[in-house]
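Here is the structure we will look at.
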Amino acid sequence: MIPRIDLAALKMGDPQALAAMAAAATDVGFATIHNTPLGAARVSAVIETYRAFFKLPEADKAPYDMARTGSNRGWGAAASEQVDPEANPDFKQVFDCGVTLAPDDPLLSNPFYAANRWPVAPEDFGPLIQAYYRDACAVGLDVLRGVAQSIGRPRDAFDAAFDKPMALLRGNYYPTRPDTAGAKDFGIAPHTDYGCLTLLATDGAPGLEVRRRGGGWLPLSAPPGEFVINFGEMMEVWTDRAVVATPHRVIGGSQERISVPLFFNPAHDTNIAPPGSDKVIRAGDHLSKRYKETYLHLREKTA
């Protein structure tokens, strides 16, 4: 059973909400949350804005192609990522953006903090997505505080690491599954997320499947205004495996699907080594390694 958690109750330290979050974090690896400041109308507007962009002709999207820019900002075409080396490249399209920094911020030279690339169409894409990014990060921090409290840590245990987060907001477009697709073809192949916490909005269409602890796959969806959350490899390391990263996938089906994950990751130089460890594992180094394994244009550049 995947817990369903009231975020307002979690913020107030409600015992039932904390117990549900503890189960999600330490056992299941997934939950859904509701009663957040991001309502259904707001999320639906974001989803439809991404949909309008993805429906543009390829020539209109090409100027924002991440394979040209070298950073994870902008558009990723179908088959531009391969999360599982044993599977074929994923057939989804993506659009990535991150934190907006001042023009003179020295962090802009770091690929994880590169300037965002906003398309000219659809109209107001940049302002609408930027505003959602800001507010989704606030929700992500509230969730993370609940996670900290649920596993016996101070509520603000992770706060300082998110002053300039490497948080990445992504629009995913999963088309209907191609007729030619085989056993090695996925919207996104089985994987664990690379970072800390994922806050996922969807259009409600089915597609996401979560690996059961005993084997097999469990379908999971949430309507606009409710969110799926899960934990990544970084969080598993950072908490010395108190929090678990659970594999998941999207095979694709007869319906197209839009999802909008916020990958809520800490600042680049955050040491994510387990507490009390004498190791230093920088968050940026972990993500850099995983991105180079996934983005085909980065893999080619590394080779």
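Please note that chains go A, B, ... in the order of the structure tokens, that every chain numbers its residues from 1, and that ligands are numbered from 1 in the order shown.
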Shell around Leu10 (chain A) at 12 Å using only C-alpha atoms, local window under 4 positions removed, as a ChimeraX atom specification: /A:4-6,14-22,33-36,139,142-150,155
Name the residues in contact with region 242-255 of chain A at a cut-off of 7 Å, using only C-alpha atoms, excluding same-chain residues fewer than 3 positions from it; report them as a short mmCIF file (atom, residue, chain, number, x, y, z; two decimals) with C-alpha atoms, in the first residue's frame.
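In the end it all went to result_26.cif:
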```
data_model
loop_
_atom_site.label_atom_id
_atom_site.label_comp_id
_atom_site.auth_asym_id
_atom_site.auth_seq_id
_atom_site.Cartn_x
_atom_site.Cartn_y
_atom_site.Cartn_z
CA ALA A 25 10.46 6.95 3.33
CA THR A 26 11.84 3.84 4.98
CA ASP A 27 9.85 1.03 3.33
CA GLY A 29 9.88 4.61 -1.26
CA TYR A 174 5.11 10.31 -23.17
CA THR A 176 1.26 6.62 -27.10
CA ARG A 177 3.39 3.49 -27.18
CA PHE A 186 10.03 2.26 -22.63
CA GLY A 187 8.72 5.75 -22.09
CA ILE A 188 11.33 5.59 -19.35
CA ALA A 189 13.02 2.31 -18.49
CA PRO A 190 13.24 0.94 -14.92
CA HIS A 191 15.45 3.19 -12.80
CA THR A 192 15.86 4.88 -9.44
CA GLY A 207 1.65 4.89 -16.92
CA LEU A 208 3.84 5.09 -13.83
CA GLU A 209 4.62 1.72 -12.25
CA VAL A 210 6.48 1.16 -8.96
CA ARG A 211 8.56 -1.94 -8.24
CA PHE A 231 13.16 9.37 -2.96
CA GLY A 232 16.38 9.10 -4.92
CA GLU A 233 19.83 7.62 -4.64
CA MET A 235 18.75 10.66 -0.22
CA GLU A 236 19.49 6.98 0.35
CA THR A 239 20.53 9.11 5.35
#
```
Which residues of region 51-149 of chain A sit at most 12 Å from region 269-276 of chain A, using only C-alpha atoms? Give each one's shortest atom pair and distance in Å (one decimal place), in chain and ascending residue order, as a tab-separated table.
```
residue	atom	partner	partner_atom	distance
A:Leu107	CA	A:Asp269	CA	11.5
A:Asn110	CA	A:Asp269	CA	11.6
A:Phe112	CA	A:Asp269	CA	11.3
```
All residues 8 Å or closer to region 257-267 of chain A, only C-alpha atoms, same chain fewer than 4 positions away omitted, as a PyMOL selection string: chain A and resi 47+50-51+133+136-137+140+161-176+195-203+205-207+283-284
Can you write out the residues you just picked, keeping C-alpha atoms, as an mmCIF file, in the first residue's frame?
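Heads up, here's the output in again_27.cif:
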```
data_model
loop_
_atom_site.group_PDB
_atom_site.id
_atom_site.type_symbol
_atom_site.label_atom_id
_atom_site.label_comp_id
_atom_site.auth_asym_id
_atom_site.auth_seq_id
_atom_site.Cartn_x
_atom_site.Cartn_y
_atom_site.Cartn_z
ATOM 1 C CA ILE A 47 0.677 20.614 -17.717
ATOM 2 C CA TYR A 50 4.105 21.870 -21.512
ATOM 3 C CA ARG A 51 1.749 19.932 -23.773
ATOM 4 C CA TYR A 133 9.195 26.128 -10.084
ATOM 5 C CA ALA A 136 7.003 23.686 -6.099
ATOM 6 C CA CYS A 137 10.394 24.098 -4.418
ATOM 7 C CA GLY A 140 9.389 20.193 -1.747
ATOM 8 C CA ALA A 161 21.552 22.530 1.917
ATOM 9 C CA PHE A 162 18.824 24.124 -0.203
ATOM 10 C CA ASP A 163 19.896 27.789 -0.304
ATOM 11 C CA LYS A 164 20.805 27.470 -3.998
ATOM 12 C CA PRO A 165 19.427 24.066 -4.908
ATOM 13 C CA MET A 166 20.241 22.065 -8.018
ATOM 14 C CA ALA A 167 16.488 21.520 -8.198
ATOM 15 C CA LEU A 168 15.463 20.586 -11.728
ATOM 16 C CA LEU A 169 11.911 20.956 -13.036
ATOM 17 C CA ARG A 170 11.105 18.730 -15.977
ATOM 18 C CA GLY A 171 8.164 18.404 -18.296
ATOM 19 C CA ASN A 172 7.874 14.838 -19.653
ATOM 20 C CA TYR A 173 5.875 13.999 -22.759
ATOM 21 C CA TYR A 174 5.114 10.312 -23.173
ATOM 22 C CA PRO A 175 3.454 9.635 -26.538
ATOM 23 C CA THR A 176 1.264 6.618 -27.100
ATOM 24 C CA GLY A 195 18.754 12.937 -6.468
ATOM 25 C CA CYS A 196 17.068 13.654 -3.163
ATOM 26 C CA LEU A 197 13.272 14.021 -3.393
ATOM 27 C CA THR A 198 10.975 13.974 -6.427
ATOM 28 C CA LEU A 199 7.669 15.869 -6.399
ATOM 29 C CA LEU A 200 5.659 14.634 -9.398
ATOM 30 C CA ALA A 201 2.559 16.213 -10.899
ATOM 31 C CA THR A 202 0.703 14.341 -13.645
ATOM 32 C CA ASP A 203 -2.278 14.786 -15.927
ATOM 33 C CA ALA A 205 -3.214 9.361 -17.255
ATOM 34 C CA PRO A 206 -1.923 5.928 -16.243
ATOM 35 C CA GLY A 207 1.647 4.895 -16.924
ATOM 36 C CA ALA A 283 25.971 16.283 -4.390
ATOM 37 C CA GLY A 284 27.125 17.822 -7.671
#
```
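Across the model, the gap from CA of Asp96 (chain A) to CA of Asp65 (chain A) is 10.2 Å.
Nearest-residue note for Arg241 (chain A): choosing from A:Gly13, A:Pro37, A:Ala78, A:Ile151, the minimum distance belongs to A:Ile151, counting only C-alpha atoms.
Considering only C-alpha atoms, the residue among A:Pro57, A:Leu7, A:Thr32, A:Val43 positioned nearest to Ser221 (chain A) is A:Thr32.
Going from CA of Ala40 (chain A) to CA of Phe91 (chain A) covers 27.5 Å.
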Residue list (alpha helix (DSSP H), DSSP) for region 32-145 of chain A, as a ChimeraX atom specification: /A:40-54,58-61,66-69,125-145
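Note that the spacing between CA of His286 (chain A) and CA of Val99 (chain A) amounts to 18.8 Å.
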All strand (DSSP E) residues (DSSP, backbone) inside region 62-265 of chain A, as a VMD selection string: chain A and resid 74 to 76 93 to 97 168 to 174 188 to 191 197 to 202 208 to 211 217 to 219 227 to 231 248 to 250 257 to 264
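Distances to Lys292 (chain A) were evaluated for A:Asp159, A:Asp60, A:Glu81, A:Glu48 using only C-alpha atoms, and the minimum falls at A:Glu81.
With only C-alpha atoms as the atoms that count, the minimum distance from Phe95 (chain A) to the choices A:Ala41, A:Val28, A:Ala131, A:Ala52 is reached by A:Ala52.
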Compile the contact shell of region 66-75 of chain A as a PDB file with N, CA and C atoms, in the first residue's frame: residues with an atom at most 7 Å away, counting only C-alpha atoms, same-chain residues fewer than 2 positions apart removed.
```
ATOM      1  N   LYS A  61      11.252  23.483 -31.809  1.00  0.00           N
ATOM      2  CA  LYS A  61      11.852  23.077 -30.543  1.00  0.00           C
ATOM      3  C   LYS A  61      13.374  22.956 -30.638  1.00  0.00           C
ATOM      4  N   TYR A  64      16.217  24.930 -28.762  1.00  0.00           N
ATOM      5  CA  TYR A  64      16.363  24.751 -27.314  1.00  0.00           C
ATOM      6  C   TYR A  64      16.912  23.361 -26.974  1.00  0.00           C
ATOM      7  N   ALA A  77      14.981  15.736 -27.120  1.00  0.00           N
ATOM      8  CA  ALA A  77      14.174  15.006 -28.091  1.00  0.00           C
ATOM      9  C   ALA A  77      13.949  13.569 -27.653  1.00  0.00           C
ATOM     10  N   VAL A  94      11.460  15.682 -23.284  1.00  0.00           N
ATOM     11  CA  VAL A  94      11.543  16.383 -21.996  1.00  0.00           C
ATOM     12  C   VAL A  94      11.831  17.865 -22.237  1.00  0.00           C
ATOM     13  N   PHE A  95      11.535  18.666 -21.208  1.00  0.00           N
ATOM     14  CA  PHE A  95      11.980  20.058 -21.176  1.00  0.00           C
ATOM     15  C   PHE A  95      12.419  20.354 -19.744  1.00  0.00           C
ATOM     16  N   ASP A  96      13.674  20.803 -19.576  1.00  0.00           N
ATOM     17  CA  ASP A  96      14.268  21.008 -18.255  1.00  0.00           C
ATOM     18  C   ASP A  96      14.539  22.483 -17.975  1.00  0.00           C
ATOM     19  N   CYS A  97      14.313  22.882 -16.727  1.00  0.00           N
ATOM     20  CA  CYS A  97      14.714  24.210 -16.267  1.00  0.00           C
ATOM     21  C   CYS A  97      15.142  24.112 -14.810  1.00  0.00           C
ATOM     22  N   PRO A 111      27.421  23.943 -15.069  1.00  0.00           N
ATOM     23  CA  PRO A 111      26.295  23.417 -15.853  1.00  0.00           C
ATOM     24  C   PRO A 111      25.025  23.171 -15.049  1.00  0.00           C
ATOM     25  N   ALA A 114      23.210  26.631 -15.015  1.00  0.00           N
ATOM     26  CA  ALA A 114      23.227  27.372 -16.279  1.00  0.00           C
ATOM     27  C   ALA A 114      21.934  28.171 -16.451  1.00  0.00           C
ATOM     28  N   ASN A 116      18.517  29.471 -17.806  1.00  0.00           N
ATOM     29  CA  ASN A 116      17.385  28.783 -18.422  1.00  0.00           C
ATOM     30  C   ASN A 116      17.194  29.256 -19.856  1.00  0.00           C
ATOM     31  N   ARG A 117      16.627  28.392 -20.671  1.00  0.00           N
ATOM     32  CA  ARG A 117      16.351  28.697 -22.084  1.00  0.00           C
ATOM     33  C   ARG A 117      14.847  28.583 -22.298  1.00  0.00           C
ATOM     34  N   HIS A 297      24.003  12.908 -25.224  1.00  0.00           N
ATOM     35  CA  HIS A 297      24.961  13.914 -25.719  1.00  0.00           C
ATOM     36  C   HIS A 297      26.101  14.107 -24.733  1.00  0.00           C
TER      37      HIS A 297
END
```
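With only C-alpha atoms as the basis for measurement, A:Leu38 is the residue among A:Leu38, A:Lys184, A:Phe54, A:Pro3 that approaches Glu226 (chain A) most closely.
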Which of A:Val228, A:Leu128, A:Val237, A:Ala24 sits closest to Ser44 (chain A) [using only C-alpha atoms]: A:Leu128
